[in-house]
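A.B. asks: Sharing a structure here in structure tokens format.
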Amino acid sequence: MALKRKIRELQERREKVLKGGGDKAIEKQISMGKLTARERIIFLLDDDSFNEYDLFVEHEARDFDMDKKVLHGDGVVIGTGTIYGAPICIFAQDFTVAGGSLGLMHSRKITKIMDHALKMRMPLIGINDSGGARIQEGVNSLAGYGEIFFRNTLSSGVIPQISVILGPCAGGAVYSPALTDFVFVVDKISKMFITGPEVIKTVLGEEISMEDLGGAKVHSEITGNAHFYAESEVQCFEQIKELITYIPWNNSRKARAFKPNDPKKEYKIDNIVPDNPKQPYDVRNVIKAITDNSVFFEIQERWASNIIIGFGRMEGQTIGFVANQPLVLAGVLDVDSSDKAARFIRYCDAFNIPIVTFVDLPGYMPGADQEHAGVIRHGAKLLYAYSEATVPKLTVILRKAYGGGYIAMNSRHLRADFVFAWPGAEIAVMGPEGAANIIFRREIMGSDDPEKVRKQKVKEYKDKFANPYVAASKGYIDSVIEPQETRKILLHAIEVSQNKSSSGPKKKHGIPPF
Ligand code: HXC
């Protein structure tokens, strides 16, 4: 009898806490087009797999009448579950409880699940929906953030960390997502900024909406803070689930292997790249022509689109793809595209994912804008990331590989394991027109028909250098291959690189050009 009574008491207690901030706050949450914290977790995880912990945690704040306030679960839900069978640690801030603001106990719940994820070597997903540091708790809230940031850094490169911004993520709170591997945003719902519109108005006298300041489009198209953009929360959860299928649970494992499949027949690899080096094409079609089922899971699709990054599978195994995109700015490297690719390369390297690089670019972007934006420092990140990576690194030069771009895009000199080139590849210090204008300037200008001589000299330079055979004759390229041989040859290269062992000089860590 006593046990029955106690079970009933437990059920009643649970029921109360599960109401979060109460009916009115939940109604407000729904009216903003948002799901509640627990609904989000249920949507995301496998059916019936969620187990919640610390349901009965309460805040301990006493100032500013906080002693009179009950905050169920202290505004955050934590637990474990699975996604397609993969074990997951998760937390979701509950905006219906004090605006999901982060006080001491709230932060302790988050750090508890973070510690668990690291100890058990399982991925961590954090759903952010919060007004930031709980103002009434003062320095305890700041301490809480510091503890989270420290753990984000400790876990970096050991377990996958995924952040989902489903509401405000304001003030210092933004730095936890920024320290994680992948950030997901949803149109009209995500708002991410250091200083909000009120502060901006007070300090700068400028008016700006939250959407224009740090909405989903801003972070997926302008800042590059977000990796995935969705139109709705449900679409966002589908993207997260798909991502989970491509990545391993931790850095000592490989991503799960799936059933091998051929690419779709409609992607005819021979017809994608035009002969004319100035004619653009969509390099995603080259990737799709070699991946299983022609599926390419693109990352940061809307930002720095002159480079393409993402995952695909070959013979069931996850591969990280990096490719210049001739459709956008001719595929040049610049500040943002260097940052984008460098970080992705480091991700693949940390999590044992082989990297395939497709090269077709005229080099680094010229101009004062890029120089002043730090293209030297940012461009160096790409060289660093490729040089440092020890996973299998394979390169295919599709067409142009000029200047610094040739070196930076996983060349032999940065220790690519295999470098292949298609017969139309052009490898040179710069494009033939620019090269001829510089080295034959006197001859061109001094002739009776400068235009005729210029054309002649461009042709001379092209015949000599604008092909893959000079580089192949020096062993910088391992093989000149036909486009339709690409998948087969890459699969073989991956197969024979499975047991790659590579070690550099002993050091605490390098100093990449952050
Ligand atoms: C305490 C907070 C809170 C906060 C919101 N609430 N933010 N309580 N501390 N930081 C409470 C509100 O008082 C309200 O309580 C409830 O949550 C819902 O908030 P509303 O304002 O009604 O919601 P909404 O209109 O949707 O506006 C959401 C918002 C706004 C834009 C996030 O609440 C806001 O501007 N909050 C403050 C944001 C901020 O400046 N945070 C501090 C950043 S500094 P009741 O009881 O009325 O329901 C920071 C430093 C961290 O984070 C540094 C770490 C390094």
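Letters A, B, ... go to the chains of the structure tokens in the order shown; residues in each chain start at 1; ligands are counted from 1 in the same order.
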When DSSP works through the backbone of this structure, what residues of range 299-467 of chain A end up as strand (DSSP E), shown as a PyMOL selection string?
C.D. replies: chain A and resi 299+307-314+317-324+355-361+393-402+418-421+426-428
A.B. asks: Looking only at helix (DSSP H, G or I) from DSSP on the backbone, list the matching residues of range 1-93 of chain A as a compact mmCIF listing (two decimals) with C-alpha atoms, in the first residue's frame.
C.D. replies:
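Ended up saving to result_30.txt:
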# COMPACT_ATOMS: atom_id res chain seq x y z
CA ALA A 2 2.77 2.37 1.04
CA LEU A 3 4.61 1.65 -2.18
CA LYS A 4 1.50 2.33 -4.26
CA ARG A 5 1.11 5.67 -2.50
CA LYS A 6 4.73 6.51 -3.13
CA ILE A 7 4.44 5.57 -6.79
CA ARG A 8 1.40 7.83 -7.07
CA GLU A 9 3.35 10.63 -5.42
CA LEU A 10 6.18 10.11 -7.92
CA GLN A 11 3.71 10.24 -10.78
CA GLU A 12 2.18 13.45 -9.49
CA ARG A 13 5.58 15.04 -9.02
CA ARG A 14 6.59 14.03 -12.53
CA GLU A 15 3.39 15.38 -14.00
CA LYS A 16 3.95 18.76 -12.37
CA VAL A 17 7.51 19.09 -13.62
CA LEU A 18 6.62 17.94 -17.13
CA ASP A 23 0.01 26.29 -19.85
CA LYS A 24 0.34 30.00 -20.61
CA ALA A 25 4.07 29.83 -21.32
CA ILE A 26 3.59 26.71 -23.43
CA GLU A 27 0.84 28.44 -25.41
CA LYS A 28 3.23 31.33 -26.06
CA GLN A 29 5.93 28.90 -27.18
CA ILE A 30 3.53 27.22 -29.62
CA SER A 31 2.23 30.58 -30.89
CA ALA A 37 11.83 21.17 -25.18
CA ARG A 38 10.58 17.61 -24.60
CA GLU A 39 8.63 17.50 -27.88
CA ARG A 40 11.85 18.41 -29.68
CA ILE A 41 13.74 15.60 -28.04
CA ILE A 42 10.98 13.09 -28.80
CA PHE A 43 10.90 14.14 -32.49
CA LEU A 44 14.65 13.84 -32.78
CA MET A 66 13.92 34.02 -6.53
CA ASP A 67 13.29 32.10 -3.29
CA LYS A 68 9.56 32.43 -4.02
CA HIS A 72 10.62 23.15 -12.95
CA GLY A 73 13.76 21.28 -13.89
CA ASP A 74 15.45 24.69 -13.77
CA GLY A 75 14.63 25.31 -17.41
A.B. asks: Determine, for each residue of chain A having at least one atom at most 6 Å from an atom of ligand 1, the closest pair of atoms and their separation in Å to one decimal, counting only C-alpha atoms and all ligand atoms; order by chain and ascending number, as JSON lines.
C.D. replies:
{"residue": "A:Ala98", "atom": "CA", "partner": "ligand 1", "partner_atom_place_in_ligand_line": "17 (O)", "distance": 4.0}
{"residue": "A:Gly99", "atom": "CA", "partner": "ligand 1", "partner_atom_place_in_ligand_line": "17 (O)", "distance": 3.2}
{"residue": "A:Ser101", "atom": "CA", "partner": "ligand 1", "partner_atom_place_in_ligand_line": "4 (C)", "distance": 4.9}
{"residue": "A:Gly131", "atom": "CA", "partner": "ligand 1", "partner_atom_place_in_ligand_line": "7 (N)", "distance": 3.6}
{"residue": "A:Gly132", "atom": "CA", "partner": "ligand 1", "partner_atom_place_in_ligand_line": "52 (O)", "distance": 3.9}
{"residue": "A:Ala133", "atom": "CA", "partner": "ligand 1", "partner_atom_place_in_ligand_line": "52 (O)", "distance": 3.9}
{"residue": "A:Arg134", "atom": "CA", "partner": "ligand 1", "partner_atom_place_in_ligand_line": "9 (N)", "distance": 3.4}
{"residue": "A:Ile135", "atom": "CA", "partner": "ligand 1", "partner_atom_place_in_ligand_line": "9 (N)", "distance": 4.2}
{"residue": "A:Leu142", "atom": "CA", "partner": "ligand 1", "partner_atom_place_in_ligand_line": "54 (C)", "distance": 5.0}
{"residue": "A:Tyr145", "atom": "CA", "partner": "ligand 1", "partner_atom_place_in_ligand_line": "54 (C)", "distance": 5.2}
{"residue": "A:Pro168", "atom": "CA", "partner": "ligand 1", "partner_atom_place_in_ligand_line": "32 (C)", "distance": 5.4}
{"residue": "A:Ala170", "atom": "CA", "partner": "ligand 1", "partner_atom_place_in_ligand_line": "43 (C)", "distance": 5.5}
{"residue": "A:Gly171", "atom": "CA", "partner": "ligand 1", "partner_atom_place_in_ligand_line": "52 (O)", "distance": 3.9}
{"residue": "A:Gly172", "atom": "CA", "partner": "ligand 1", "partner_atom_place_in_ligand_line": "54 (C)", "distance": 3.6}
{"residue": "A:Ala173", "atom": "CA", "partner": "ligand 1", "partner_atom_place_in_ligand_line": "52 (O)", "distance": 5.5}
A.B. asks: Of the candidates A:Gly404, A:Gly475, A:Gly363, A:Gly316, which one gets nearest to Leu491 in chain A if we count only C-alpha atoms?
C.D. replies: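 Closest to Leu491 in chain A of all the choices is A:Gly316.
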A.B. asks: Between A:Gly405, A:Pro277, A:Phe351, A:Arg399, which is the closest to Met365 in chain A once you count only C-alpha atoms?
C.D. replies: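 Nearest to Met365 in chain A: A:Gly405.
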A.B. asks: So that I can see what lies close to range 441-444 of chain A, please list as a PDB file with N, CA, C and O atoms, in the first residue's frame the residues with an atom at most 8 Å from it, counting only C-alpha atoms and leaving out residues fewer than 6 positions away in the same chain.
C.D. replies:
ATOM      1  N   PRO A 450      51.223  42.986 -82.103  1.00  0.00           N
ATOM      2  CA  PRO A 450      51.247  42.473 -80.724  1.00  0.00           C
ATOM      3  C   PRO A 450      50.153  41.429 -80.442  1.00  0.00           C
ATOM      4  O   PRO A 450      50.393  40.445 -79.754  1.00  0.00           O
ATOM      5  N   GLU A 451      48.953  41.624 -81.026  1.00  0.00           N
ATOM      6  CA  GLU A 451      47.848  40.705 -80.741  1.00  0.00           C
ATOM      7  C   GLU A 451      48.154  39.295 -81.254  1.00  0.00           C
ATOM      8  O   GLU A 451      47.909  38.295 -80.581  1.00  0.00           O
ATOM      9  N   VAL A 453      51.179  38.063 -81.832  1.00  0.00           N
ATOM     10  CA  VAL A 453      52.273  37.465 -81.051  1.00  0.00           C
ATOM     11  C   VAL A 453      51.759  37.006 -79.682  1.00  0.00           C
ATOM     12  O   VAL A 453      52.130  35.954 -79.183  1.00  0.00           O
ATOM     13  N   ARG A 454      50.864  37.830 -79.096  1.00  0.00           N
ATOM     14  CA  ARG A 454      50.307  37.449 -77.783  1.00  0.00           C
ATOM     15  C   ARG A 454      49.629  36.070 -77.886  1.00  0.00           C
ATOM     16  O   ARG A 454      49.878  35.172 -77.097  1.00  0.00           O
TER      17      ARG A 454
END
A.B. asks: Point out the residue among A:Gly214, A:Gly85, A:Gly331, A:Gly20 with the least atom-to-atom distance to Leu45 in chain A, counting only C-alpha atoms.
C.D. replies: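 Of the candidates, the smallest distance to Leu45 in chain A is held by A:Gly85.
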A.B. asks: Which polymer residues have any atom within 6 Å of an atom of range 123-127 of chain A, counting only C-alpha atoms, with same-chain residues fewer than 2 positions away left out, as number ranges by chain?
C.D. replies: A: 88-92, 159-164, 249
A.B. asks: Give me, please, the distance in Å between CA of Asn225 in chain A and CA of Lys288 in chain A, quoted to one decimal.
C.D. replies: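 Interatomic distance, CA of Asn225 in chain A to CA of Lys288 in chain A: 26.1 Å.
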A.B. asks: Measuring between only C-alpha atoms, which one of A:Thr390, A:Thr245, A:Ser501, A:Asn410 shows the shortest distance to Phe321 in chain A?
C.D. replies: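 For Phe321 in chain A, the nearest of the given residues is A:Asn410.
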A.B. asks: Find the residues near Asn271 in chain A: any atom within 12 Å, counting only C-alpha atoms, skip ones fewer than 5 places away on the same chain, and give them as JSON, numbers by chain.
C.D. replies: {"A": [266, 281, 282, 283, 285, 286, 289, 482, 483, 484]}
A.B. asks: Could you check how far CA of Leu398 in chain A sits from CA of Asn324 in chain A, in Å to one decimal?
C.D. replies: 9.9 Å
A.B. asks: With only C-alpha atoms as the counted atoms, please give the residues lying no more than 7 Å from range 295-312 of chain A, apart from itself and same-chain residues fewer than 4 positions off, as a PDB file with N, CA, C and O atoms, in the first residue's frame.
C.D. replies:
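Full text of around-v8.pdb as output:
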ATOM      1  N   SER A 220      23.506  31.440 -41.829  1.00  0.00           N
ATOM      2  CA  SER A 220      23.838  30.406 -42.815  1.00  0.00           C
ATOM      3  C   SER A 220      24.351  31.018 -44.121  1.00  0.00           C
ATOM      4  O   SER A 220      24.945  30.307 -44.933  1.00  0.00           O
ATOM      5  N   GLU A 221      24.145  32.342 -44.311  1.00  0.00           N
ATOM      6  CA  GLU A 221      24.589  32.936 -45.585  1.00  0.00           C
ATOM      7  C   GLU A 221      25.707  33.973 -45.423  1.00  0.00           C
ATOM      8  O   GLU A 221      26.517  34.149 -46.310  1.00  0.00           O
ATOM      9  N   ILE A 222      25.718  34.666 -44.288  1.00  0.00           N
ATOM     10  CA  ILE A 222      26.690  35.772 -44.152  1.00  0.00           C
ATOM     11  C   ILE A 222      27.836  35.448 -43.193  1.00  0.00           C
ATOM     12  O   ILE A 222      29.001  35.601 -43.533  1.00  0.00           O
ATOM     13  N   GLY A 224      28.512  32.439 -41.613  1.00  0.00           N
ATOM     14  CA  GLY A 224      29.071  31.086 -41.652  1.00  0.00           C
ATOM     15  C   GLY A 224      29.028  30.394 -40.298  1.00  0.00           C
ATOM     16  O   GLY A 224      29.566  29.300 -40.136  1.00  0.00           O
ATOM     17  N   HIS A 227      25.840  25.661 -39.964  1.00  0.00           N
ATOM     18  CA  HIS A 227      26.218  24.683 -40.992  1.00  0.00           C
ATOM     19  C   HIS A 227      25.019  24.147 -41.761  1.00  0.00           C
ATOM     20  O   HIS A 227      25.149  23.673 -42.882  1.00  0.00           O
ATOM     21  N   PHE A 228      23.833  24.194 -41.108  1.00  0.00           N
ATOM     22  CA  PHE A 228      22.631  23.655 -41.748  1.00  0.00           C
ATOM     23  C   PHE A 228      21.465  24.605 -41.513  1.00  0.00           C
ATOM     24  O   PHE A 228      21.255  25.062 -40.386  1.00  0.00           O
ATOM     25  N   TYR A 246      26.352   9.725 -40.925  1.00  0.00           N
ATOM     26  CA  TYR A 246      27.637   9.854 -41.626  1.00  0.00           C
ATOM     27  C   TYR A 246      28.852   9.873 -40.699  1.00  0.00           C
ATOM     28  O   TYR A 246      29.973   9.711 -41.171  1.00  0.00           O
ATOM     29  N   LYS A 288      28.398  13.633 -57.197  1.00  0.00           N
ATOM     30  CA  LYS A 288      27.254  12.713 -57.271  1.00  0.00           C
ATOM     31  C   LYS A 288      27.488  11.587 -58.288  1.00  0.00           C
ATOM     32  O   LYS A 288      26.854  10.545 -58.214  1.00  0.00           O
ATOM     33  N   THR A 291      29.370   8.942 -55.948  1.00  0.00           N
ATOM     34  CA  THR A 291      28.928   8.472 -54.621  1.00  0.00           C
ATOM     35  C   THR A 291      27.819   7.430 -54.748  1.00  0.00           C
ATOM     36  O   THR A 291      27.090   7.396 -55.751  1.00  0.00           O
ATOM     37  N   THR A 318      31.706   6.286 -45.309  1.00  0.00           N
ATOM     38  CA  THR A 318      31.644   7.760 -45.347  1.00  0.00           C
ATOM     39  C   THR A 318      32.936   8.356 -45.898  1.00  0.00           C
ATOM     40  O   THR A 318      34.032   7.984 -45.491  1.00  0.00           O
ATOM     41  N   ILE A 319      32.764   9.304 -46.811  1.00  0.00           N
ATOM     42  CA  ILE A 319      33.896  10.060 -47.363  1.00  0.00           C
ATOM     43  C   ILE A 319      33.595  11.549 -47.187  1.00  0.00           C
ATOM     44  O   ILE A 319      32.456  11.981 -47.394  1.00  0.00           O
ATOM     45  N   GLY A 320      34.603  12.333 -46.828  1.00  0.00           N
ATOM     46  CA  GLY A 320      34.457  13.785 -46.778  1.00  0.00           C
ATOM     47  C   GLY A 320      34.910  14.367 -48.111  1.00  0.00           C
ATOM     48  O   GLY A 320      36.006  14.047 -48.580  1.00  0.00           O
ATOM     49  N   PHE A 321      34.066  15.175 -48.752  1.00  0.00           N
ATOM     50  CA  PHE A 321      34.417  15.768 -50.049  1.00  0.00           C
ATOM     51  C   PHE A 321      34.697  17.259 -49.898  1.00  0.00           C
ATOM     52  O   PHE A 321      33.955  17.979 -49.227  1.00  0.00           O
ATOM     53  N   VAL A 322      35.777  17.699 -50.555  1.00  0.00           N
ATOM     54  CA  VAL A 322      36.092  19.124 -50.645  1.00  0.00           C
ATOM     55  C   VAL A 322      36.283  19.404 -52.136  1.00  0.00           C
ATOM     56  O   VAL A 322      37.046  18.689 -52.797  1.00  0.00           O
ATOM     57  N   ALA A 323      35.578  20.413 -52.664  1.00  0.00           N
ATOM     58  CA  ALA A 323      35.687  20.662 -54.107  1.00  0.00           C
ATOM     59  C   ALA A 323      35.541  22.136 -54.420  1.00  0.00           C
ATOM     60  O   ALA A 323      34.635  22.795 -53.898  1.00  0.00           O
ATOM     61  N   ASN A 324      36.406  22.656 -55.283  1.00  0.00           N
ATOM     62  CA  ASN A 324      36.212  24.023 -55.787  1.00  0.00           C
ATOM     63  C   ASN A 324      34.928  24.015 -56.619  1.00  0.00           C
ATOM     64  O   ASN A 324      34.653  23.037 -57.313  1.00  0.00           O
ATOM     65  N   GLN A 325      34.194  25.128 -56.556  1.00  0.00           N
ATOM     66  CA  GLN A 325      32.918  25.205 -57.280  1.00  0.00           C
ATOM     67  C   GLN A 325      33.024  26.243 -58.394  1.00  0.00           C
ATOM     68  O   GLN A 325      32.858  27.447 -58.158  1.00  0.00           O
ATOM     69  N   PRO A 326      33.301  25.801 -59.648  1.00  0.00           N
ATOM     70  CA  PRO A 326      33.453  26.759 -60.746  1.00  0.00           C
ATOM     71  C   PRO A 326      32.207  27.608 -61.000  1.00  0.00           C
ATOM     72  O   PRO A 326      32.304  28.650 -61.650  1.00  0.00           O
ATOM     73  N   VAL A 328      30.648  29.389 -58.852  1.00  0.00           N
ATOM     74  CA  VAL A 328      30.665  30.598 -58.019  1.00  0.00           C
ATOM     75  C   VAL A 328      32.082  31.176 -57.980  1.00  0.00           C
ATOM     76  O   VAL A 328      33.015  30.505 -57.520  1.00  0.00           O
ATOM     77  N   LEU A 329      32.237  32.403 -58.482  1.00  0.00           N
ATOM     78  CA  LEU A 329      33.537  33.083 -58.512  1.00  0.00           C
ATOM     79  C   LEU A 329      34.636  32.207 -59.122  1.00  0.00           C
ATOM     80  O   LEU A 329      35.789  32.233 -58.683  1.00  0.00           O
ATOM     81  N   GLY A 331      35.318  29.424 -58.584  1.00  0.00           N
ATOM     82  CA  GLY A 331      35.897  28.466 -57.628  1.00  0.00           C
ATOM     83  C   GLY A 331      37.144  28.965 -56.930  1.00  0.00           C
ATOM     84  O   GLY A 331      37.893  28.174 -56.343  1.00  0.00           O
ATOM     85  N   VAL A 332      37.382  30.283 -56.942  1.00  0.00           N
ATOM     86  CA  VAL A 332      38.604  30.804 -56.303  1.00  0.00           C
ATOM     87  C   VAL A 332      38.618  30.511 -54.812  1.00  0.00           C
ATOM     88  O   VAL A 332      37.573  30.331 -54.185  1.00  0.00           O
ATOM     89  N   ASP A 336      36.704  33.298 -46.760  1.00  0.00           N
ATOM     90  CA  ASP A 336      35.656  32.435 -46.216  1.00  0.00           C
ATOM     91  C   ASP A 336      35.775  30.986 -46.702  1.00  0.00           C
ATOM     92  O   ASP A 336      35.584  30.049 -45.931  1.00  0.00           O
ATOM     93  N   SER A 337      36.079  30.815 -48.002  1.00  0.00           N
ATOM     94  CA  SER A 337      36.134  29.435 -48.490  1.00  0.00           C
ATOM     95  C   SER A 337      37.323  28.695 -47.864  1.00  0.00           C
ATOM     96  O   SER A 337      37.258  27.488 -47.622  1.00  0.00           O
ATOM     97  N   ALA A 341      36.676  25.240 -45.717  1.00  0.00           N
ATOM     98  CA  ALA A 341      37.293  23.958 -46.049  1.00  0.00           C
ATOM     99  C   ALA A 341      38.242  23.499 -44.941  1.00  0.00           C
ATOM    100  O   ALA A 341      38.271  22.321 -44.582  1.00  0.00           O
TER     101      ALA A 341
END
A.B. asks: What does the distance between CA of Asp94 in chain A and CA of Ser156 in chain A come to in Å, to one decimal place?
C.D. replies: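 For CA of Asp94 in chain A relative to CA of Ser156 in chain A, the distance reads 25.2 Å.
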A.B. asks: Quick one: residues within 8 Å of Ala226 in chain A, only C-alpha atoms counted, chain neighbours fewer than 6 positions away excluded, as a VMD selection string?
C.D. replies: chain A and resid 182 to 185 216 219 to 220 300
A.B. asks: Output the selection as a JSON list (two decimals), in the first residue's frame - C-alpha atoms for each residue.
C.D. replies:
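And here's again35.json as it stands now:
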[["chain", "number", "residue", "atom", "x", "y", "z"],
["A", 182, "PHE", "CA", 27.88, 21.58, -36.37],
["A", 183, "VAL", "CA", 25.30, 24.33, -35.81],
["A", 184, "PHE", "CA", 21.71, 23.93, -37.08],
["A", 185, "VAL", "CA", 19.35, 26.89, -37.54],
["A", 216, "ALA", "CA", 18.84, 31.84, -39.55],
["A", 219, "HIS", "CA", 24.15, 32.83, -39.93],
["A", 220, "SER", "CA", 23.84, 30.41, -42.82],
["A", 300, "GLN", "CA", 27.33, 25.06, -45.24]]
